[in-house]
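The file model-v8.cif comes next; it holds mmCIF, C-alpha atoms and all ligand atoms.
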```cif
data_input
#
loop_
_atom_site.label_atom_id
_atom_site.label_comp_id
_atom_site.auth_asym_id
_atom_site.auth_seq_id
_atom_site.Cartn_x
_atom_site.Cartn_y
_atom_site.Cartn_z
CA MET A 25 38.71 98.13 17.42
CA SER A 26 40.99 99.16 14.53
CA LEU A 27 40.51 102.82 15.43
CA GLU A 28 41.50 102.21 19.06
CA THR A 29 44.43 100.02 17.99
CA ARG A 30 45.72 102.84 15.79
CA THR A 31 45.22 105.40 18.55
CA TYR A 32 47.24 103.33 21.03
CA PHE A 33 50.10 102.75 18.61
CA ASN A 34 50.11 106.31 17.37
CA GLU A 35 50.62 107.56 20.91
CA ILE A 36 53.71 105.41 21.39
CA ASN A 37 55.28 106.22 18.02
CA PHE A 38 54.61 103.05 16.06
CA ILE A 39 54.45 103.36 12.28
CA GLU A 40 51.80 101.52 10.27
CA ILE A 41 53.36 99.94 7.19
CA GLU A 42 51.66 97.76 4.59
CA THR A 43 53.48 94.71 3.26
CA PRO A 44 52.70 92.84 0.04
CA TYR A 45 50.16 90.06 -0.38
CA LEU A 46 51.76 88.43 -3.42
CA ILE A 47 54.87 86.95 -1.89
CA LYS A 48 56.99 83.88 -1.49
CA SER A 49 55.87 81.46 1.20
CA THR A 50 56.42 82.23 4.91
CA PRO A 51 56.43 78.99 6.87
CA GLU A 52 54.03 79.38 9.81
CA GLY A 53 52.92 75.79 9.97
CA ALA A 54 49.99 75.78 7.55
CA ARG A 55 49.74 75.23 3.79
CA ASP A 56 50.01 78.28 1.57
CA PHE A 57 47.34 79.54 -0.76
CA VAL A 58 49.05 80.05 -4.09
CA VAL A 59 48.40 82.43 -6.98
CA PRO A 60 49.68 81.68 -10.49
CA SER A 61 51.64 84.40 -12.27
CA ARG A 62 50.68 85.18 -15.91
CA MET A 63 53.86 87.12 -16.57
CA ASN A 64 56.06 84.42 -15.10
CA LYS A 65 54.48 81.33 -16.52
CA GLN A 66 54.22 78.26 -14.33
CA GLN A 67 55.43 80.22 -11.33
CA PHE A 68 53.36 80.99 -8.29
CA TYR A 69 53.12 83.58 -5.58
CA ALA A 70 52.08 82.51 -2.10
CA LEU A 71 49.66 84.57 -0.06
CA PRO A 72 51.26 85.46 3.30
CA GLN A 73 50.48 83.29 6.31
CA SER A 74 51.72 86.41 8.10
CA PRO A 75 54.06 89.31 7.23
CA GLN A 76 56.74 87.69 9.42
CA THR A 77 59.83 88.08 7.24
CA PHE A 78 58.81 91.55 6.03
CA LYS A 79 58.45 92.94 9.52
CA GLN A 80 61.86 91.53 10.42
CA LEU A 81 63.37 93.18 7.33
CA LEU A 82 61.75 96.46 8.41
CA MET A 83 63.56 96.18 11.74
CA VAL A 84 66.87 95.56 9.98
CA SER A 85 66.25 98.62 7.80
CA GLY A 86 65.73 100.88 10.78
CA TYR A 87 61.98 101.06 11.42
CA ASP A 88 62.06 100.17 15.07
CA ARG A 89 58.31 100.21 15.85
CA TYR A 90 55.99 98.69 13.26
CA PHE A 91 52.39 97.60 13.26
CA GLN A 92 49.83 96.65 10.68
CA ILE A 93 46.24 95.47 10.71
CA VAL A 94 46.61 92.84 8.05
CA LYS A 95 44.89 89.93 6.33
CA CYS A 96 46.69 86.59 6.61
CA PHE A 97 45.93 83.43 4.65
CA ARG A 98 46.34 79.85 5.84
CA ASP A 99 45.10 76.78 4.06
CA GLU A 100 44.23 74.56 7.00
CA ASP A 101 41.29 72.59 8.32
CA LEU A 102 38.66 74.93 9.65
CA ARG A 103 37.20 75.05 13.14
CA ALA A 104 34.95 77.49 14.95
CA ASP A 105 37.86 79.79 15.73
CA ARG A 106 39.55 79.61 12.30
CA GLN A 107 38.98 81.07 8.85
CA PRO A 108 41.18 80.64 5.76
CA GLU A 109 41.63 84.41 5.67
CA PHE A 110 41.70 86.28 8.92
CA THR A 111 43.01 89.56 10.29
CA GLN A 112 45.98 90.10 12.58
CA ILE A 113 47.24 93.08 14.52
CA ASP A 114 50.84 92.42 13.55
CA CYS A 115 53.61 94.16 15.51
CA GLU A 116 57.39 94.28 15.76
CA MET A 117 59.93 96.28 17.78
CA ALA A 118 63.72 96.58 17.72
CA PHE A 119 66.17 96.90 20.62
CA VAL A 120 63.84 95.12 23.03
CA ASN A 121 63.82 92.11 25.28
CA GLN A 122 60.88 89.84 26.07
CA GLN A 123 59.73 91.93 29.03
CA ASP A 124 59.57 95.09 26.88
CA ILE A 125 57.33 93.27 24.44
CA LEU A 126 55.01 91.89 27.13
CA ASP A 127 54.70 95.35 28.70
CA THR A 128 54.04 97.20 25.44
CA PHE A 129 51.40 94.82 24.13
CA GLU A 130 49.75 94.19 27.46
CA GLY A 131 49.24 97.95 27.25
CA LEU A 132 47.43 97.53 23.92
CA ILE A 133 45.12 94.84 25.28
CA LYS A 134 44.33 96.87 28.39
CA HIS A 135 43.61 99.90 26.21
CA LEU A 136 41.22 97.87 24.03
CA PHE A 137 39.41 96.41 27.05
CA GLN A 138 39.01 99.88 28.50
CA LYS A 139 37.83 101.57 25.32
CA LEU A 140 35.68 98.79 23.91
CA ILE A 141 33.95 97.31 26.92
CA GLY A 142 34.85 99.70 29.73
CA LEU A 143 36.89 97.17 31.67
CA SER A 144 40.08 98.27 33.38
CA PHE A 145 42.80 95.94 34.58
CA LYS A 146 44.81 97.49 37.39
CA GLU A 147 47.13 94.54 37.96
CA LYS A 148 49.74 93.16 35.60
CA PHE A 149 48.58 90.08 33.70
CA PRO A 150 49.87 86.89 35.33
CA VAL A 151 52.68 84.99 33.61
CA ILE A 152 53.04 81.21 33.57
CA THR A 153 55.63 79.02 31.87
CA TYR A 154 54.50 76.61 29.18
CA GLU A 155 55.71 73.73 31.35
CA LYS A 156 53.62 74.81 34.31
CA ALA A 157 50.58 75.55 32.15
CA MET A 158 50.69 72.02 30.76
CA LEU A 159 51.21 70.54 34.20
CA ASN A 160 48.47 72.52 35.95
CA TYR A 161 45.89 72.79 33.18
CA GLY A 162 46.93 70.37 30.42
CA SER A 163 46.75 73.32 28.04
CA ASP A 164 49.02 76.05 26.68
CA LYS A 165 46.04 78.42 26.70
CA PRO A 166 44.59 77.86 30.14
CA ASP A 167 41.22 79.21 31.16
CA ILE A 168 42.01 80.57 34.61
CA ARG A 169 38.51 81.82 35.41
CA PHE A 170 38.26 78.73 37.61
CA GLU A 171 40.68 76.49 39.55
CA MET A 172 40.13 72.74 39.25
CA LYS A 173 43.81 72.18 38.47
CA LEU A 174 45.30 68.86 37.40
CA ASN A 175 46.80 66.72 40.18
CA TYR A 176 49.16 63.81 39.67
CA ILE A 177 48.30 60.95 42.01
CA ASP A 178 50.68 58.29 40.64
CA SER A 179 52.64 57.92 43.87
CA LEU A 180 49.44 57.17 45.84
CA ALA A 181 47.53 55.12 43.30
CA LYS A 182 50.13 52.76 41.87
CA GLY A 183 51.10 49.40 43.27
CA LYS A 184 47.73 48.47 44.81
CA GLY A 185 46.83 45.82 42.27
CA PHE A 186 44.66 47.95 39.97
CA ASN A 187 46.10 47.07 36.58
CA VAL A 188 44.80 50.10 34.71
CA PHE A 189 46.70 52.41 37.06
CA ASP A 190 49.74 50.18 37.45
CA GLN A 191 50.31 50.15 33.70
CA ALA A 192 49.61 53.85 33.17
CA GLU A 193 52.37 56.35 32.54
CA SER A 194 50.41 58.99 34.39
CA ILE A 195 47.32 59.19 36.66
CA VAL A 196 45.65 62.58 36.78
CA ALA A 197 42.79 63.77 38.97
CA ILE A 198 40.68 66.92 39.16
CA SER A 199 38.62 67.81 42.18
CA VAL A 200 35.20 69.05 41.10
CA PRO A 201 33.70 71.23 43.82
CA ASN A 202 30.38 70.22 45.42
CA CYS A 203 29.62 67.41 42.99
CA ALA A 204 29.93 64.33 45.21
CA ASP A 205 26.16 63.96 44.87
CA TYR A 206 26.39 63.27 41.12
CA SER A 207 24.01 60.45 40.23
CA ARG A 208 25.09 57.19 38.61
CA LYS A 209 23.41 58.36 35.42
CA LYS A 210 25.38 61.61 35.34
CA LEU A 211 28.64 59.76 35.92
CA ASP A 212 27.83 57.26 33.17
CA LYS A 213 27.17 60.16 30.82
CA LEU A 214 30.50 61.75 31.71
CA THR A 215 32.23 58.42 31.10
CA GLU A 216 30.61 58.20 27.65
CA TRP A 217 31.71 61.78 27.00
CA VAL A 218 35.40 61.14 27.75
CA LYS A 219 35.29 57.96 25.65
CA ARG A 220 34.13 59.79 22.51
CA PRO A 221 36.79 59.61 19.78
CA GLN A 222 37.31 63.40 19.98
CA ILE A 223 38.53 62.97 23.58
CA GLY A 224 39.79 59.40 23.36
CA ALA A 225 39.99 58.34 27.04
CA LYS A 226 39.61 54.63 27.79
CA GLY A 227 37.43 55.22 30.85
CA LEU A 228 36.77 57.49 33.81
CA ILE A 229 37.31 56.72 37.48
CA TYR A 230 35.40 58.67 40.13
CA VAL A 231 35.70 59.13 43.89
CA LYS A 232 32.82 60.76 45.77
CA LEU A 233 34.13 62.52 48.88
CA ASN A 234 30.69 62.81 50.47
CA SER A 235 29.82 65.71 52.80
CA ASP A 236 29.22 63.23 55.65
CA ASN A 237 32.87 62.13 55.22
CA THR A 238 31.96 58.74 53.73
CA ILE A 239 33.69 57.84 50.49
CA LYS A 240 32.35 55.98 47.47
CA SER A 241 34.32 55.24 44.33
CA SER A 242 34.35 53.16 41.17
CA VAL A 243 37.56 51.47 42.40
CA ASP A 244 36.43 50.46 45.92
CA LYS A 245 37.64 46.92 45.18
CA PHE A 246 41.27 48.03 45.03
CA PHE A 247 41.49 50.99 47.37
CA ASN A 248 40.19 51.49 50.89
CA SER A 249 38.72 54.71 52.28
CA GLU A 250 42.06 55.74 53.78
CA ASP A 251 43.77 55.48 50.34
CA LEU A 252 41.01 57.46 48.67
CA LYS A 253 41.05 60.10 51.37
CA GLN A 254 44.73 60.65 50.66
CA TRP A 255 43.96 61.26 47.01
CA GLY A 256 41.47 63.91 48.09
CA ASN A 257 44.08 65.49 50.38
CA LEU A 258 46.62 65.63 47.56
CA CYS A 259 44.03 67.34 45.37
CA GLY A 260 43.09 69.84 48.08
CA SER A 261 39.49 68.58 48.05
CA LYS A 262 36.80 69.43 50.57
CA PRO A 263 33.97 67.18 51.79
CA GLY A 264 31.32 67.25 49.06
CA ASP A 265 33.82 67.26 46.19
CA LEU A 266 34.03 64.73 43.38
CA LEU A 267 37.35 63.42 42.08
CA LEU A 268 37.47 62.57 38.38
CA ILE A 269 40.50 60.54 37.30
CA LEU A 270 42.01 59.64 33.94
CA SER A 271 45.10 57.53 33.31
CA GLY A 272 47.32 56.46 30.43
CA ASN A 273 50.04 58.04 28.31
CA SER A 274 51.21 61.28 29.99
CA GLU A 275 50.69 63.64 27.05
CA GLU A 276 47.34 62.17 26.09
CA VAL A 277 45.99 62.21 29.64
CA GLN A 278 46.94 65.88 30.04
CA LYS A 279 45.06 66.77 26.87
CA GLN A 280 42.03 64.68 27.82
CA MET A 281 42.00 66.18 31.30
CA ASN A 282 42.11 69.68 29.83
CA GLU A 283 38.94 68.88 27.87
CA LEU A 284 37.23 67.35 30.88
CA ARG A 285 38.21 70.30 33.09
CA LEU A 286 36.77 72.77 30.56
CA LYS A 287 33.58 70.73 30.25
CA MET A 288 33.12 70.63 34.03
CA GLY A 289 33.83 74.37 34.16
CA THR A 290 31.11 74.95 31.55
CA ASP A 291 28.62 72.56 33.18
CA LEU A 292 29.08 74.25 36.55
CA ASN A 293 28.80 77.78 35.09
CA LEU A 294 32.33 78.67 36.12
CA ARG A 295 33.16 80.15 32.69
CA ASP A 296 31.25 83.41 32.86
CA PRO A 297 31.63 85.22 29.49
CA SER A 298 31.51 88.60 31.23
CA VAL A 299 34.62 87.76 33.28
CA PHE A 300 37.98 88.17 31.49
CA LYS A 301 41.18 86.52 32.72
CA PRO A 302 44.24 87.12 30.56
CA ILE A 303 47.46 85.17 31.14
CA TRP A 304 50.84 85.25 29.40
CA VAL A 305 52.31 81.83 28.64
CA VAL A 306 56.10 82.01 28.19
CA ASP A 307 59.10 79.75 27.50
CA PHE A 308 57.49 77.56 24.86
CA PRO A 309 59.65 74.73 23.53
CA LEU A 310 61.63 75.76 20.44
CA LEU A 311 60.80 72.56 18.57
CA GLU A 312 58.24 69.82 18.42
CA LYS A 313 58.86 66.34 17.08
CA ASP A 314 56.69 64.67 14.49
CA ASN A 315 56.17 61.25 16.08
CA GLU A 316 55.62 59.56 12.72
CA THR A 317 58.58 60.93 10.76
CA GLY A 318 60.86 61.88 13.65
CA ASP A 319 61.34 65.31 12.04
CA PHE A 320 61.51 68.51 14.07
CA HIS A 321 59.12 71.38 13.42
CA ALA A 322 59.39 74.87 14.83
CA MET A 323 56.77 75.21 17.54
CA HIS A 324 56.27 78.91 16.78
CA HIS A 325 58.15 79.57 13.54
CA PRO A 326 61.74 79.15 12.33
CA PHE A 327 62.72 82.74 13.18
CA THR A 328 62.15 82.33 16.93
CA SER A 329 65.27 82.57 19.07
CA PRO A 330 66.29 79.81 21.48
CA LYS A 331 66.80 80.85 25.11
CA SER A 332 70.50 81.61 25.45
CA GLU A 333 70.81 79.46 28.58
CA ASP A 334 69.47 76.46 26.61
CA LEU A 335 71.79 76.88 23.62
CA LYS A 336 74.18 74.30 25.08
CA LEU A 337 71.47 71.65 24.59
CA ILE A 338 70.86 72.38 20.94
CA ASP A 339 73.11 69.65 19.53
CA GLU A 340 72.55 66.82 21.97
CA ASN A 341 68.99 67.39 23.09
CA PRO A 342 67.26 69.91 20.83
CA ILE A 343 63.77 68.98 22.02
CA GLN A 344 64.66 70.30 25.50
CA VAL A 345 65.56 73.75 24.19
CA ARG A 346 63.12 76.48 25.21
CA ALA A 347 62.38 79.50 23.06
CA ASN A 348 61.91 83.18 23.77
CA ALA A 349 58.32 82.71 22.68
CA TYR A 350 55.10 83.80 24.35
CA ASP A 351 51.35 83.67 23.86
CA LEU A 352 48.57 85.68 25.42
CA ALA A 353 45.54 83.58 26.36
CA ILE A 354 42.26 85.00 27.57
CA ASN A 355 39.55 82.71 28.93
CA GLY A 356 41.08 79.67 27.25
CA VAL A 357 41.47 81.35 23.85
CA GLU A 358 44.90 82.10 22.36
CA VAL A 359 44.51 85.71 21.28
CA GLY A 360 48.11 86.41 20.33
CA GLY A 361 51.59 85.00 20.10
CA GLY A 362 55.09 86.04 19.21
CA SER A 363 58.75 85.74 19.97
CA ILE A 364 62.12 87.39 20.21
CA ARG A 365 63.75 86.64 16.87
CA ILE A 366 67.05 85.23 15.83
CA HIS A 367 69.11 88.15 14.51
CA ASN A 368 72.33 86.38 13.74
CA ARG A 369 73.10 84.49 10.56
CA ASP A 370 74.86 81.53 12.21
CA VAL A 371 72.04 80.83 14.66
CA GLN A 372 69.45 81.17 11.89
CA GLU A 373 71.40 78.73 9.70
CA LYS A 374 71.62 76.29 12.62
CA MET A 375 67.85 76.54 13.11
CA PHE A 376 67.16 75.81 9.44
CA ALA A 377 69.52 72.83 9.63
CA LEU A 378 67.63 71.49 12.67
CA LEU A 379 64.41 71.83 10.73
CA GLY A 380 65.85 69.68 7.97
CA PHE A 381 66.67 72.36 5.39
CA SER A 382 69.86 71.77 3.41
CA LYS A 383 72.19 74.78 3.18
CA GLU A 384 71.06 75.33 -0.41
CA GLU A 385 67.35 75.13 0.43
CA ALA A 386 67.75 77.57 3.30
CA LYS A 387 69.64 79.98 1.07
CA GLU A 388 67.15 79.60 -1.75
CA GLN A 389 64.14 80.27 0.45
CA PHE A 390 65.45 82.67 3.08
CA GLY A 391 68.73 83.99 1.69
CA PHE A 392 67.21 87.49 1.60
CA LEU A 393 66.69 87.46 5.38
CA MET A 394 70.02 85.92 6.28
CA ASP A 395 71.81 88.34 3.96
CA ALA A 396 70.02 91.21 5.71
CA PHE A 397 71.38 89.99 9.06
CA GLU A 398 74.90 90.65 7.71
CA TYR A 399 74.18 94.38 7.79
CA GLY A 400 73.99 94.48 11.58
CA ALA A 401 70.48 93.46 12.53
CA PRO A 402 69.23 94.88 15.83
CA PRO A 403 67.81 92.53 18.45
CA HIS A 404 64.10 92.49 17.70
CA GLY A 405 60.88 90.73 18.53
CA GLY A 406 57.18 91.02 18.08
CA ILE A 407 53.76 89.55 18.36
CA ALA A 408 50.56 89.19 16.37
CA PHE A 409 47.04 89.27 17.79
CA GLY A 410 44.03 87.66 16.15
CA PHE A 411 41.82 90.65 15.38
CA ASP A 412 38.70 88.56 14.71
CA ARG A 413 39.33 86.49 17.83
CA LEU A 414 39.61 89.58 20.00
CA CYS A 415 36.36 90.94 18.53
CA THR A 416 34.66 87.61 19.23
CA LEU A 417 35.92 87.61 22.80
CA PHE A 418 34.84 91.21 23.45
CA GLY A 419 31.48 90.30 21.97
CA GLY A 420 31.14 87.40 24.43
CA ARG A 421 30.89 84.78 21.66
CA GLU A 422 32.93 81.80 20.45
CA ASN A 423 32.67 81.62 16.69
CA ILE A 424 34.83 84.12 14.79
CA ARG A 425 32.54 83.79 11.76
CA GLU A 426 30.01 85.90 13.62
CA PHE A 427 32.52 88.77 13.58
CA ILE A 428 33.66 88.54 9.96
CA ALA A 429 31.62 90.07 7.17
CA PHE A 430 31.08 87.46 4.44
CA PRO A 431 32.75 84.53 6.21
CA LYS A 432 33.53 81.19 4.59
CA ASN A 433 31.84 77.98 5.70
CA ASN A 434 33.81 75.07 7.11
CA GLN A 435 34.50 73.75 3.62
CA GLY A 436 36.27 77.05 2.94
CA ARG A 437 33.44 78.15 0.60
CA ASP A 438 31.72 81.47 0.22
CA VAL A 439 28.36 80.07 -0.78
CA MET A 440 26.91 83.48 -1.63
CA ILE A 441 29.35 84.38 -4.40
CA ASP A 442 30.06 80.69 -5.02
CA ALA A 443 33.81 80.69 -4.48
CA PRO A 444 36.08 78.92 -5.07
CA SER A 445 34.88 78.07 -8.59
CA LYS A 446 36.21 76.79 -11.91
CA ILE A 447 38.04 79.20 -14.17
CA ASP A 448 37.77 79.59 -17.91
CA ILE A 449 40.01 77.37 -20.05
CA GLN A 450 41.32 80.55 -21.73
CA GLN A 451 42.50 81.84 -18.33
CA THR A 452 44.41 78.64 -17.65
CA LYS A 453 46.10 78.92 -21.07
CA GLU A 454 47.22 82.46 -20.33
CA LEU A 455 48.68 81.25 -17.05
CA GLY A 456 50.46 78.39 -18.76
CA ILE A 457 48.84 75.78 -16.55
CA SER A 458 46.71 72.82 -17.49
CA LEU A 459 44.23 71.12 -15.23
CA GLU A 460 43.90 67.38 -14.94
CA GLU A 461 40.45 65.88 -14.75
CA ILE A 462 39.90 64.59 -11.22
CA GLU A 463 37.29 61.96 -10.54
CA ASN A 464 35.18 62.81 -7.55
N1 LIG B 1 53.95 85.75 12.67
C1 LIG B 1 53.55 85.17 13.92
C2 LIG B 1 52.17 84.54 13.78
O1 LIG B 1 51.43 84.85 12.86
C3 LIG B 1 53.51 86.17 15.03
C4 LIG B 1 54.83 86.67 15.44
O2 LIG B 1 55.73 85.86 15.70
O3 LIG B 1 54.96 87.89 15.53
O4 LIG B 1 51.79 83.75 14.62
#
```
Let me see the file written as structure tokens.
Amino acid sequence: MSLETRTYFNEINFIEIETPYLIKSTPEGARDFVVPSRMNKQQFYALPQSPQTFKQLLMVSGYDRYFQIVKCFRDEDLRADRQPEFTQIDCEMAFVNQQDILDTFEGLIKHLFQKLIGLSFKEKFPVITYEKAMLNYGSDKPDIRFEMKLNYIDSLAKGKGFNVFDQAESIVAISVPNCADYSRKKLDKLTEWVKRPQIGAKGLIYVKLNSDNTIKSSVDKFFNSEDLKQWGNLCGSKPGDLLLILSGNSEEVQKQMNELRLKMGTDLNLRDPSVFKPIWVVDFPLLEKDNETGDFHAMHHPFTSPKSEDLKLIDENPIQVRANAYDLAINGVEVGGGSIRIHNRDVQEKMFALLGFSKEEAKEQFGFLMDAFEYGAPPHGGIAFGFDRLCTLFGGRENIREFIAFPKNNQGRDVMIDAPSKIDIQQTKELGISLEEIEN
């Protein structure tokens, strides 16, 4: 894959440039791994979460097409598709708009599909906004190999005396094809599944739209056949389909329904690993709010530019501001993401202020970037693809560990070489650090 990546970029005049690993932190949402400096006692380097600020500086200095196949380091909780160190195909271009970026890097992905697994995509990849992706699939990385979209039945289901629905912020249904004959046992099992803490639903309502046009549901006491038929109509169901319904807080229900939709897709063999369905998701929100602290975080990273038409909202209603940010999802996996960057000092300062940095903190941490913008930074943007994730996808698997030589386990350990491990007391002295005893 690296060979084909280099071939593609070479043909369109990209330059491969290495950037340092011992750096100052780049905020990409995870914790940094840190490395103590012997020559600068009690000071630490951070390992890059990505080469984000370096590639932007390269653009300012006149390299208008950069790429690098690069290790990135993020200290975060591990899942099947995460490793503390992983590889990105990291890219940046100057004098571009969002469409130029989508076109150029869609080209890379098509090239890799063609060369690695002999698959050619004639059509352009579909594009969906973040808002629509959340509405239709409950996910910002939708698996579009199958339909079963989310439907909002609030207007039909409220006000009929069923308390659970009447008190819910949102009532969401999916229509599962040809499953009206599900047994009681199967439905009970599904109900248990959605109630597991990982999913967190309170319960599951079903409506069987039987092939003989009779209807049976778990809420027959509150709704008559005519009501239930209307739900089916709204969901575009056919006789023989099964409606599965969740209700509650809007955001939570969307997330739960995404999980249930994916499970039903898997159970019904609608997620064929030999079928590949890429989709661009665009117009992500610029910010997300931490519900506990009320603080804003950058949804992508702090260098992402707001959409110019939303700039007017930035003071009064920052959460509504959309960003020039995009992801590429394939089969429900986020394989890459990027953005058009801020290239103006004032806007960058405003962004840091929104994220809670004081002027001094912003200058201390990112003065080098904002100073660079003073020299006439070109409009620029880029993207990074997860190299290991792409390999895993091409290999038809789910766990990136299977595509990394010497992976770490989910405690972040390499059990073969036994790392991480204690270091010699002499080493700590040289570094000017002392370790406290911690009781386990
Ligand atoms: N640095 C970003 C990331 O690692 C990608 C980008 O914005 O180009 O997700």
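Nearest to ligand LIG 1 (chain B) of all the residues A:Asp307, A:Asp314, A:Asp114, A:Asp205 is A:Asp114, based on only C-alpha atoms and all ligand atoms.
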Can you tell me which residues come within 6 Å of ligand LIG 1 (chain B) when counting only C-alpha atoms and all ligand atoms, ideally as a ChimeraX atom specification?
-> /A:74,76,361-363,406-408
Compare A:Asn433, A:Gln451, A:Leu352, A:Arg220 by their minimum atom-to-atom distance to Pro150 (chain A), counting all atoms listed in the file, and give me the closest one.
->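 Ranked by minimum distance to Pro150 (chain A), first place goes to A:Leu352.
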Point out the residue among A:Ile428, A:Ile152, A:Val58, A:Ala347 with the least atom-to-atom distance to Thr416 (chain A), counting all atoms listed in the file.
->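 Looking only at the distances to Thr416 (chain A), the closest residue turns out to be A:Ile428.
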CA of Arg169 (chain A) and CA of Glu147 (chain A), how far apart in Å?
->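 According to the coordinates, CA of Glu147 (chain A) and CA of Arg169 (chain A) are separated by 15.6 Å.
Of note, CA of Asp88 (chain A) and CA of Thr31 (chain A) are spaced 18.0 Å apart.
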Would you list the contacts of Glu28 (chain A) as a PyMOL selection string, taking every protein, DNA or RNA residue within 10 Å and counting only C-alpha atoms, but skipping same-chain residues closer than 2 positions in sequence?
-> chain A and resi 25-26+30-34+132+135-136+139-140
